[in-house]
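Dumped my_file_19.txt below, it's compact mmCIF, C-alpha atoms:
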# COMPACT_ATOMS: atom_id res chain seq x y z
CA MET A 1 113.68 176.36 231.23
CA ALA A 2 117.39 176.84 231.12
CA ASP A 3 117.84 173.18 230.29
CA LEU A 4 115.29 173.44 227.45
CA ALA A 5 117.09 176.46 226.04
CA ASN A 6 120.38 174.68 226.15
CA GLN A 7 118.93 171.76 224.23
CA PHE A 8 117.73 174.02 221.37
CA SER A 9 120.90 176.04 221.39
CA GLY A 10 122.77 172.99 220.25
CA VAL A 11 120.53 172.61 217.17
CA ARG A 12 121.88 174.24 214.05
CA CYS A 13 119.98 174.84 210.82
CA ALA A 14 121.66 174.83 207.49
CA PRO A 15 121.95 178.41 206.21
CA LEU A 16 119.82 179.42 203.20
CA ARG A 17 121.92 179.48 200.16
CA SER A 18 121.66 182.23 197.59
CA PHE A 19 121.36 179.75 194.75
CA LEU A 20 117.98 178.60 196.05
CA LEU A 21 116.51 182.08 195.69
CA SER A 22 118.07 182.52 192.30
CA ARG A 23 116.77 179.31 190.85
CA PRO A 24 114.24 179.79 188.02
CA GLY A 25 110.66 179.64 189.25
CA PHE A 26 111.58 179.66 192.88
CA ALA A 27 110.71 183.27 193.62
CA THR A 28 107.46 183.18 191.63
CA GLY A 29 105.97 180.69 194.03
CA LEU A 30 106.79 182.75 197.12
CA PRO A 31 104.75 185.49 198.74
CA SER A 32 105.56 189.05 197.73
CA ALA A 33 107.33 189.66 201.06
CA TRP A 34 109.65 186.70 200.48
CA ARG A 35 110.34 187.68 196.88
CA ALA A 36 111.74 190.99 198.16
CA LEU A 37 114.35 189.14 200.23
CA THR A 38 117.89 188.31 199.20
CA ILE A 39 121.05 186.82 200.75
CA SER A 40 123.63 189.27 201.89
CA PRO A 41 127.12 187.78 201.54
CA ALA A 42 128.45 190.54 203.73
CA GLY A 43 126.10 189.50 206.51
CA GLY A 44 127.40 186.01 206.68
CA GLY A 45 124.53 184.55 204.59
CA LYS A 46 121.78 186.34 206.46
CA ILE A 47 118.45 187.12 204.71
CA VAL A 48 117.92 190.84 204.26
CA CYS A 49 115.23 192.99 202.51
CA ALA A 50 116.24 194.38 199.14
CA ALA A 51 114.27 197.53 199.85
CA ARG A 52 116.39 198.13 202.88
CA THR A 53 119.66 197.67 201.04
CA GLY A 54 118.51 199.79 198.04
CA ALA A 55 119.08 196.99 195.54
CA PRO A 56 116.59 196.72 192.57
CA VAL A 57 113.87 194.05 192.65
CA ALA A 58 114.15 191.48 189.86
CA PHE A 59 110.85 191.14 187.78
CA THR A 60 109.89 188.47 185.28
CA PRO A 61 108.79 189.55 181.71
CA VAL A 62 105.13 188.93 182.60
CA GLN A 63 105.43 191.10 185.68
CA LYS A 64 107.09 193.84 183.67
CA GLU A 65 104.26 193.81 181.11
CA ARG A 66 101.63 194.03 183.83
CA GLU A 67 103.44 196.92 185.48
CA ALA A 68 103.60 198.74 182.12
CA LEU A 69 99.84 198.25 181.48
CA LYS A 70 99.05 199.40 184.99
CA LYS A 71 101.05 202.56 184.42
CA LEU A 72 99.21 203.22 181.09
CA PHE A 73 95.81 202.78 182.73
CA GLU A 74 96.73 205.10 185.55
CA GLU A 75 97.88 207.76 183.08
CA ALA A 76 94.72 207.37 180.95
CA TYR A 77 92.52 207.64 183.98
CA GLU A 78 94.28 210.80 185.08
CA ARG A 79 93.87 212.38 181.60
CA ALA A 80 90.21 211.45 181.43
CA ARG A 81 89.67 212.97 184.84
CA THR A 82 91.58 216.17 184.33
CA ALA A 83 91.58 216.80 180.53
CA PRO A 84 88.96 214.61 178.72
CA MET A 85 89.19 216.45 175.34
CA GLU A 86 92.99 216.46 175.20
CA GLY A 87 94.20 214.81 171.97
CA VAL A 88 90.70 214.65 170.34
CA PRO A 89 90.90 216.04 166.75
CA PHE A 90 87.41 217.62 166.88
CA THR A 91 85.24 219.18 169.52
CA LEU A 92 81.77 218.28 170.74
CA GLU A 93 80.42 221.15 168.66
CA ASP A 94 82.01 219.61 165.57
CA PHE A 95 80.31 216.31 166.35
CA HIS A 96 76.85 217.93 166.55
CA THR A 97 77.52 219.76 163.28
CA VAL A 98 78.25 216.48 161.49
CA ILE A 99 75.12 214.85 162.92
CA GLU A 100 72.95 217.75 161.73
CA LYS A 101 74.42 217.34 158.26
CA TYR A 102 72.80 213.88 158.03
CA ASP A 103 69.57 214.91 159.68
CA PHE A 104 67.14 214.30 156.79
CA ASP A 105 64.11 216.43 156.23
CA SER A 106 61.25 214.29 157.51
CA GLU A 107 58.62 216.19 155.54
CA ILE A 108 56.00 213.87 154.07
CA GLY A 109 56.71 213.17 150.41
CA SER A 110 60.46 213.79 150.49
CA LYS A 111 62.64 211.10 148.92
CA VAL A 112 65.68 209.48 150.53
CA LYS A 113 68.14 206.82 149.43
CA GLY A 114 68.76 203.94 151.79
CA THR A 115 70.09 200.42 152.14
CA VAL A 116 68.09 197.57 153.65
CA PHE A 117 70.07 195.87 156.42
CA MET A 118 67.43 193.68 158.09
CA ILE A 119 64.02 192.21 157.19
CA ASP A 120 61.34 190.55 159.29
CA ALA A 121 57.74 189.43 159.02
CA ASN A 122 56.41 192.98 159.38
CA GLY A 123 58.76 194.91 157.10
CA ALA A 124 62.38 195.99 156.77
CA LEU A 125 64.88 198.24 158.53
CA VAL A 126 66.62 200.71 156.24
CA ASP A 127 69.84 202.62 156.81
CA ILE A 128 69.45 206.15 155.43
CA THR A 129 72.65 207.44 157.14
CA ALA A 130 70.55 209.47 159.55
CA LYS A 131 70.64 209.64 163.36
CA SER A 132 68.37 206.60 163.50
CA SER A 133 67.35 203.89 161.06
CA ALA A 134 64.10 204.09 159.07
CA TYR A 135 61.39 201.44 158.73
CA LEU A 136 59.60 200.11 155.66
CA PRO A 137 56.28 198.47 156.73
CA LEU A 138 55.03 195.44 154.82
CA ARG A 139 51.97 197.31 153.50
CA GLU A 140 54.25 199.99 152.00
CA ALA A 141 56.68 197.57 150.37
CA CYS A 142 54.75 196.82 147.17
CA ILE A 143 51.80 197.93 145.08
CA HIS A 144 50.51 194.36 145.14
CA ARG A 145 49.35 192.41 148.18
CA ILE A 146 52.23 190.36 149.61
CA LYS A 147 52.80 188.33 152.76
CA HIS A 148 56.53 189.04 153.13
CA VAL A 149 58.82 191.79 151.87
CA SER A 150 60.99 189.17 150.14
CA GLU A 151 58.11 188.63 147.67
CA ALA A 152 58.71 192.20 146.48
CA GLY A 153 62.44 191.57 145.97
CA ILE A 154 63.48 193.32 149.19
CA TYR A 155 66.51 191.75 150.87
CA PRO A 156 69.43 192.88 153.07
CA GLY A 157 71.93 194.87 151.03
CA LEU A 158 69.34 196.30 148.60
CA THR A 159 69.90 199.99 147.92
CA GLU A 160 66.80 201.81 146.75
CA GLU A 161 65.13 205.19 146.73
CA PHE A 162 62.25 205.53 149.17
CA VAL A 163 59.68 208.19 149.94
CA VAL A 164 58.94 209.40 153.48
CA VAL A 165 55.31 208.79 154.39
CA GLY A 166 55.39 209.29 158.16
CA GLU A 167 57.33 209.45 161.40
CA ASN A 168 57.32 207.18 164.43
CA ALA A 169 56.68 209.43 167.43
CA ALA A 170 58.13 206.87 169.84
CA ASP A 171 61.72 207.10 168.58
CA ASP A 172 61.57 209.79 165.87
CA SER A 173 62.41 207.22 163.17
CA LEU A 174 61.06 207.73 159.67
CA ILE A 175 58.47 205.51 157.98
CA LEU A 176 59.29 204.81 154.33
CA SER A 177 57.34 203.58 151.34
CA LEU A 178 57.94 202.05 147.92
CA ARG A 179 54.23 201.60 147.25
CA SER A 180 53.45 205.28 146.69
CA MET A 181 56.29 205.59 144.18
CA GLN A 182 55.06 202.50 142.34
CA TYR A 183 51.58 204.02 142.12
CA ASP A 184 53.05 207.11 140.45
CA LEU A 185 54.79 204.90 137.89
CA ALA A 186 51.60 202.89 137.30
CA TRP A 187 49.55 206.02 136.54
CA GLU A 188 52.23 207.23 134.15
CA ARG A 189 52.29 203.86 132.39
CA CYS A 190 48.49 203.84 132.03
CA ARG A 191 48.56 207.33 130.51
CA GLN A 192 51.03 206.10 127.90
CA LEU A 193 48.92 203.05 127.09
CA GLN A 194 45.80 205.19 126.78
CA ALA A 195 47.60 207.58 124.40
CA GLU A 196 48.70 204.62 122.27
CA ASP A 197 45.14 203.20 122.36
CA VAL A 198 46.42 199.69 122.98
CA VAL A 199 44.62 196.67 124.41
CA VAL A 200 45.74 195.59 127.88
CA LYS A 201 44.97 192.54 129.98
CA GLY A 202 43.18 192.96 133.29
CA LYS A 203 42.50 190.29 135.90
CA VAL A 204 39.06 190.46 137.48
CA VAL A 205 39.38 190.49 141.27
CA GLY A 206 35.90 191.59 142.36
CA GLY A 207 32.66 193.20 141.35
CA ASN A 208 29.39 194.80 142.35
CA LYS A 209 25.97 195.36 140.87
CA GLY A 210 27.37 197.88 138.38
CA GLY A 211 30.37 196.01 137.03
CA VAL A 212 33.64 194.29 137.84
CA VAL A 213 37.01 195.41 139.19
CA ALA A 214 40.10 194.46 137.21
CA ILE A 215 43.79 194.98 137.99
CA VAL A 216 45.71 196.81 135.24
CA GLU A 217 49.37 197.79 135.79
CA GLY A 218 48.77 197.38 139.52
CA LEU A 219 45.79 199.79 139.55
CA ARG A 220 42.20 198.77 140.22
CA GLY A 221 40.07 199.71 137.25
CA PHE A 222 36.30 199.51 136.98
CA VAL A 223 34.59 197.82 134.04
CA PRO A 224 30.83 198.56 133.88
CA PHE A 225 28.63 195.68 132.78
CA SER A 226 27.56 197.84 129.85
CA GLN A 227 31.18 197.77 128.68
CA ILE A 228 31.53 193.98 128.78
CA SER A 229 31.11 192.32 125.40
CA SER A 230 29.03 189.39 126.61
CA LYS A 231 26.22 189.02 129.09
CA THR A 232 27.71 187.46 132.19
CA THR A 233 27.88 187.90 135.94
CA ALA A 234 30.73 189.11 138.12
CA GLU A 235 31.03 185.63 139.65
CA GLU A 236 31.60 184.08 136.23
CA LEU A 237 34.35 186.58 135.41
CA LEU A 238 36.16 186.36 138.75
CA ASN A 239 39.92 185.58 138.40
CA LYS A 240 39.67 185.71 134.61
CA ASP A 241 41.74 187.93 132.32
CA LEU A 242 39.80 190.40 130.17
CA PRO A 243 41.12 192.36 127.19
CA LEU A 244 40.49 196.01 128.02
CA LYS A 245 40.92 199.54 126.75
CA PHE A 246 41.00 202.79 128.70
CA VAL A 247 37.87 204.93 128.81
CA GLU A 248 38.64 207.41 131.60
CA LEU A 249 41.81 208.00 133.59
CA ASP A 250 41.78 210.50 136.46
CA GLU A 251 44.72 210.26 138.84
CA GLU A 252 43.51 213.10 141.06
CA GLN A 253 40.19 211.36 141.65
CA SER A 254 41.89 207.95 141.65
CA ARG A 255 39.41 206.82 139.02
CA LEU A 256 40.15 204.35 136.24
CA ILE A 257 37.33 203.20 133.96
CA LEU A 258 37.92 200.47 131.39
CA SER A 259 36.00 198.87 128.55
CA ASN A 260 36.02 195.28 127.39
CA ARG A 261 33.62 196.05 124.56
CA LYS A 262 35.95 198.68 123.14
CA ALA A 263 38.91 196.33 123.37
CA MET A 264 37.06 193.63 121.47
CA ALA A 265 36.22 195.93 118.57
CA ASP A 266 39.49 195.24 116.76
CA SER A 267 39.38 191.49 117.18
CA GLN A 268 35.67 191.34 116.40
CA ALA A 269 36.36 193.01 113.07
CA GLN A 270 38.21 189.84 112.08
CA LEU A 271 35.25 187.59 112.85
CA GLY A 272 33.84 186.99 109.41
CA ILE A 273 30.77 184.86 108.86
CA GLY A 274 31.87 181.34 107.93
CA SER A 275 35.31 181.62 109.54
CA VAL A 276 36.50 178.82 111.80
CA ILE A 277 37.96 179.71 115.19
CA LEU A 278 39.45 177.62 117.97
CA GLY A 279 37.47 178.03 121.19
CA THR A 280 37.18 176.75 124.75
CA VAL A 281 33.94 175.78 126.47
CA GLN A 282 33.41 178.19 129.38
CA SER A 283 30.00 177.20 130.74
CA LEU A 284 26.93 175.16 129.93
CA LYS A 285 23.34 176.38 129.96
CA PRO A 286 20.06 174.58 129.21
CA TYR A 287 19.87 176.43 125.89
CA GLY A 288 23.50 176.02 124.80
CA ALA A 289 27.17 176.50 125.64
CA PHE A 290 29.25 179.66 125.96
CA ILE A 291 32.52 179.39 124.08
CA ASP A 292 35.54 181.63 124.64
CA ILE A 293 36.98 182.59 121.25
CA GLY A 294 39.93 184.76 122.11
CA GLY A 295 38.37 186.90 124.82
CA ILE A 296 34.89 186.94 123.28
CA ASN A 297 32.12 184.72 124.60
CA GLY A 298 30.10 183.25 121.75
CA LEU A 299 26.93 181.22 122.10
CA LEU A 300 26.79 177.73 120.66
CA HIS A 301 23.04 177.15 120.71
CA VAL A 302 21.84 173.63 121.39
CA SER A 303 20.26 173.56 117.94
CA GLN A 304 23.66 174.33 116.35
CA ILE A 305 25.67 171.60 118.06
CA SER A 306 24.68 168.76 115.72
CA HIS A 307 22.25 167.79 113.01
CA ASP A 308 21.03 165.11 115.37
CA ARG A 309 18.97 166.18 118.36
CA VAL A 310 20.97 166.92 121.51
CA SER A 311 18.91 166.29 124.62
CA ASP A 312 21.75 166.63 127.12
CA ILE A 313 24.48 169.17 126.32
CA SER A 314 26.77 167.84 129.06
CA ALA A 315 26.87 164.49 127.23
CA VAL A 316 28.54 166.23 124.27
CA LEU A 317 30.47 169.15 125.81
CA GLN A 318 32.18 169.87 129.12
CA PRO A 319 33.73 173.13 130.46
CA GLY A 320 37.36 173.26 129.40
CA ASP A 321 36.85 171.32 126.16
CA THR A 322 38.67 172.70 123.13
CA LEU A 323 36.83 172.66 119.84
CA LYS A 324 36.55 174.38 116.49
CA VAL A 325 33.47 176.47 115.85
CA MET A 326 32.12 178.39 112.89
CA ILE A 327 30.93 182.00 113.07
CA LEU A 328 27.29 182.13 112.06
CA SER A 329 26.51 185.74 112.94
CA HIS A 330 28.15 188.67 114.66
CA ASP A 331 26.28 191.60 116.16
CA ARG A 332 29.02 194.15 116.82
CA GLU A 333 26.67 196.63 118.43
CA LYS A 334 25.51 194.19 121.07
CA GLY A 335 28.73 192.19 121.14
CA ARG A 336 26.94 188.92 120.37
CA VAL A 337 28.46 186.08 118.37
CA SER A 338 26.51 183.02 117.26
CA LEU A 339 28.50 179.83 116.70
CA SER A 340 27.96 176.44 115.14
CA THR A 341 29.57 173.02 115.07
CA LYS A 342 26.59 171.61 113.21
CA LYS A 343 27.82 173.23 109.96
CA LEU A 344 31.19 171.51 110.38
CA GLU A 345 29.87 167.95 110.57
CA PRO A 346 31.02 165.84 107.60
CA THR A 347 28.12 163.51 108.38
CA PRO A 348 25.03 164.42 110.42
CA GLY A 349 25.54 163.36 114.03
CA ASP A 350 29.37 163.37 113.96
CA MET A 351 29.52 165.93 116.75
CA ILE A 352 27.85 163.38 119.01
CA HIS A 353 29.45 160.18 117.76
CA ASN A 354 32.83 161.32 116.35
CA PRO A 355 33.78 164.84 117.51
CA LYS A 356 37.44 164.23 116.63
CA LEU A 357 36.52 163.92 112.96
CA VAL A 358 34.61 167.20 113.15
CA PHE A 359 37.73 168.89 114.56
CA GLU A 360 39.93 167.48 111.78
CA LYS A 361 37.53 168.31 108.92
CA ALA A 362 36.42 171.71 110.26
CA ASP A 363 38.37 173.88 107.80
CA GLU A 364 37.36 171.76 104.84
CA MET A 365 33.69 171.84 105.78
CA ALA A 366 33.87 175.59 106.42
CA GLN A 367 35.25 176.15 102.91
CA THR A 368 32.30 174.26 101.47
CA PHE A 369 29.93 176.30 103.61
CA ARG A 370 31.49 179.59 102.45
CA GLN A 371 31.10 178.55 98.84
CA ARG A 372 27.40 177.88 99.36
CA ILE A 373 27.07 181.25 101.07
CA ALA A 374 28.78 182.98 98.15
CA GLN A 375 26.44 181.30 95.69
CA ALA A 376 23.41 182.28 97.75
CA GLU A 377 24.60 185.89 97.92
CA ALA A 378 25.17 185.93 94.17
CA MET A 379 21.65 184.70 93.57
CA ALA A 380 20.29 187.33 95.94
CA ARG A 381 22.14 190.07 94.08
CA ALA A 382 20.89 188.77 90.75
CA ASP A 383 17.33 188.80 92.04
CA MET A 384 17.80 192.37 93.19
CA LEU A 385 18.99 193.39 89.74
CA ARG A 386 16.12 191.54 88.20
CA PHE A 387 13.51 193.39 90.19
CA GLN A 388 15.35 196.74 90.44
CA PRO A 389 16.97 197.23 87.01
CA GLU A 390 16.90 200.99 87.41
CA SER A 391 19.55 200.77 90.15
CA GLY A 392 22.30 201.00 87.55
CA LEU A 393 24.29 198.15 89.11
CA SER A 394 25.96 195.15 87.49
CA LEU A 395 26.83 191.71 88.84
CA SER A 396 30.35 190.40 88.26
CA SER A 397 31.22 186.76 87.59
CA ASP A 398 32.35 186.55 91.25
CA GLY A 399 28.97 187.66 92.48
CA ILE A 400 30.18 191.20 93.34
CA LEU A 401 27.60 193.91 92.92
CA GLY A 402 28.95 197.12 91.38
CA SER A 403 28.19 200.03 89.07
CA LEU A 404 27.67 199.40 85.36
CA SER A 405 30.51 200.56 83.16
CA GLN A 406 29.89 203.33 80.65
CA ASP A 407 30.62 200.87 77.83
CA PHE A 408 27.60 198.77 78.68
CA LEU A 409 25.41 201.81 79.00
CA ALA A 410 26.62 203.15 75.66
CA ASP A 411 25.75 199.89 73.92
CA GLY A 412 22.20 200.27 75.18
CA LEU A 413 22.22 197.23 77.44
CA ASN A 414 18.82 196.63 78.93
CA LEU A 415 19.00 195.18 82.41
CA ARG A 416 15.74 193.36 81.73
CA ASP A 417 17.64 191.14 79.37
CA VAL A 418 19.93 189.78 82.06
CA PRO A 419 18.72 186.25 82.90
CA PRO A 420 18.73 184.88 86.43
CA ALA A 421 22.06 183.28 87.22
CA GLU A 422 20.51 180.02 88.36
CA ASP A 423 17.55 179.67 85.92
CA ASP A 424 17.35 176.65 83.61
CA THR A 425 14.80 178.22 81.29
CA LEU A 426 15.85 180.55 78.55
CA PRO A 427 14.23 183.97 78.39
CA ASP A 428 11.69 184.67 75.67
CA LEU A 429 13.06 186.45 72.66
CA ILE A 430 11.74 189.99 72.34
CA SER A 431 11.47 191.48 68.86
CA ASP A 432 12.47 195.04 68.14
CA ASP A 433 8.87 195.83 67.32
CA ASN A 434 7.64 195.00 70.75
CA GLU A 435 7.67 197.72 73.30
Just give me the structure of the file as structure tokens.
Amino acid sequence: MADLANQFSGVRCAPLRSFLLSRPGFATGLPSAWRALTISPAGGGKIVCAARTGAPVAFTPVQKEREALKKLFEEAYERARTAPMEGVPFTLEDFHTVIEKYDFDSEIGSKVKGTVFMIDANGALVDITAKSSAYLPLREACIHRIKHVSEAGIYPGLTEEFVVVGENAADDSLILSLRSMQYDLAWERCRQLQAEDVVVKGKVVGGNKGGVVAIVEGLRGFVPFSQISSKTTAEELLNKDLPLKFVELDEEQSRLILSNRKAMADSQAQLGIGSVILGTVQSLKPYGAFIDIGGINGLLHVSQISHDRVSDISAVLQPGDTLKVMILSHDREKGRVSLSTKKLEPTPGDMIHNPKLVFEKADEMAQTFRQRIAQAEAMARADMLRFQPESGLSLSSDGILGSLSQDFLADGLNLRDVPPAEDDTLPDLISDDNE
């Protein structure tokens, strides 16, 4: 053992030099215990602990920053543990006071202003600056039936006024509605239209044995069959627009009754016999075709289609065809209008063989027809004067029946002397002696 010790005692290691420990990056790769060591020149180059000598430990900038953050965290932790409200500008009581300030009254019917911040397939979330967000269900988003809230113009960022219609018991969030507010506006609009006595358009969406249901200003109004100008079924009117007028409006009872017959009164007043109107074929029946002439269904009887016999109406007319028709008669009480294309044929049978010519010559043929009607009426008035001279009426050159002027009566005109307007024979001369 002594020999072994002597062998190692002759081995000398090169002393650690201070420049190795001071080289950049050298200390950072050493364990913490080694980094606290330094070379003591006074000790003959021996390695000593800096903590023992009292010399400061040298830190890199990264280490200094970490030490500073650690100190901040330790101080924050101590404050949170011992004085959590220190430095807070308001107390917990102040916080609850502010929350209560934005605690909206959830009473049904109250109105709130909010901003939509998210939409989905079932509705929309609305920020009303309350403790929790409110919800707008799809069914409450619009007065009309929609499949998505975007169809009603609802999108994130929209600011609108809503009405509270309920509360979700699960999370105390409010349920909002736009639909109820739109109903209020619709009733108000209908009251204005009723006061102005105007004609409105209503789309038929359903019906029953008593009448049809039509949508007017978003409201469902009822039109009894007795108030429809033409005889038709609910199925035939489905999805069609009807001109309507208001008969009864009761918001409290949610009752709206409309009349198509009343609405057609104004337009029917313009339907003079002999006038030509553009119409559309609505349906075909064995006895004729129903023609839509501006909201009124007129009957074009099979006998009034052409001078030639029509055995199959579908060979001449089809639903959707546009044609010109003449008004033959108009029963305003019953809302019935009789039509004719037969009177518009330049040549008998043109409606079957050349309907385009009938369309082009319709106004010209109607003028000729009206002239014949005027002549016939004049003859009828003349015959009335002839057989009822005591009526005291005179016939103008235009065929207008009116009162005799005092001048004629003063001259002693005898109505029995007035000849028929269309009589080729001259009246017999009557002497003054004859009674």
### Atom pair CA of Glu251 in chain A / CA of Val205 in chain A: separation (Å)
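So the two atoms, CA of Glu251 in chain A and CA of Val205 in chain A, lie 20.6 Å apart.
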### Query
Hey, which of A:Glu377, A:Glu107, A:Glu345, A:Glu86 ends up closest to Ala362 in chain A? Count all atoms listed in the file.
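Residue with the minimum atom-to-atom distance to Ala362 in chain A: A:Glu345.
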### Query
CA of Pro346 in chain A and CA of Ala378 in chain A are how many Å apart?
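These atoms are spaced 24.9 Å apart.
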### Task
Take the point (35.1, 171.9, 104.4) as written in the file and pick out every residue within 12 Å of it, counting only C-alpha atoms; give the list as a list in words.
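Here the neighbourhood of the point contains Gly274, Ser275, Val276, Met326, Lys343, Leu344, Glu345, Pro346, Thr347, Leu357, Val358, Phe359, Glu360, Lys361, Ala362, Asp363, Glu364, Met365, Ala366, Gln367, Thr368, Phe369, Arg370, Gln371 and Arg372 of chain A.
Atom to atom, CA of Leu178 in chain A and CA of Leu158 in chain A stand 12.8 Å apart.
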### Message
Which residue is closest to Val337 in chain A? Choose from A:Gly153, A:Gly210, A:Gly272, A:Pro243 and count all atoms listed in the file.
### Response
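Looking only at the distances to Val337 in chain A, the closest residue turns out to be A:Gly272.
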Hey, could you patch up range 165-181 of chain A with N, CA and C atoms and hand it over as a short mmCIF file (atom, residue, chain, number, x, y, z; two decimals), keeping the file's coordinate frame?
data_model
loop_
_atom_site.label_atom_id
_atom_site.label_comp_id
_atom_site.auth_asym_id
_atom_site.auth_seq_id
_atom_site.Cartn_x
_atom_site.Cartn_y
_atom_site.Cartn_z
N VAL A 165 56.76 208.70 154.28
CA VAL A 165 55.31 208.79 154.39
C VAL A 165 54.84 209.03 155.83
N GLY A 166 55.78 209.04 156.78
CA GLY A 166 55.39 209.29 158.16
C GLY A 166 56.58 209.27 159.09
N GLU A 167 56.29 209.45 160.39
CA GLU A 167 57.33 209.45 161.40
C GLU A 167 56.81 208.75 162.64
N ASN A 168 57.67 207.90 163.21
CA ASN A 168 57.32 207.18 164.43
C ASN A 168 57.59 208.08 165.62
N ALA A 169 56.54 208.49 166.32
CA ALA A 169 56.68 209.43 167.43
C ALA A 169 57.45 208.84 168.60
N ALA A 170 57.48 207.50 168.70
CA ALA A 170 58.13 206.87 169.84
C ALA A 170 59.64 207.08 169.83
N ASP A 171 60.26 206.96 168.65
CA ASP A 171 61.72 207.10 168.58
C ASP A 171 62.18 208.05 167.48
N ASP A 172 61.26 208.81 166.92
CA ASP A 172 61.57 209.79 165.87
C ASP A 172 62.14 209.17 164.60
N SER A 173 61.95 207.86 164.41
CA SER A 173 62.41 207.22 163.17
C SER A 173 61.40 207.46 162.05
N LEU A 174 61.90 207.46 160.83
CA LEU A 174 61.06 207.73 159.67
C LEU A 174 60.39 206.46 159.16
N ILE A 175 59.19 206.61 158.62
CA ILE A 175 58.47 205.51 157.98
C ILE A 175 58.55 205.72 156.47
N LEU A 176 59.03 204.71 155.77
CA LEU A 176 59.29 204.81 154.33
C LEU A 176 58.26 204.03 153.53
N SER A 177 58.27 204.27 152.23
CA SER A 177 57.34 203.58 151.34
C SER A 177 57.94 203.42 149.95
N LEU A 178 57.68 202.28 149.35
CA LEU A 178 57.94 202.05 147.92
C LEU A 178 56.62 202.04 147.16
N ARG A 179 55.55 201.75 147.85
CA ARG A 179 54.23 201.60 147.25
C ARG A 179 53.75 202.88 146.58
N SER A 180 53.92 204.02 147.26
CA SER A 180 53.45 205.28 146.69
C SER A 180 54.22 205.65 145.43
N MET A 181 55.51 205.31 145.38
CA MET A 181 56.29 205.59 144.18
C MET A 181 55.85 204.67 143.04
#
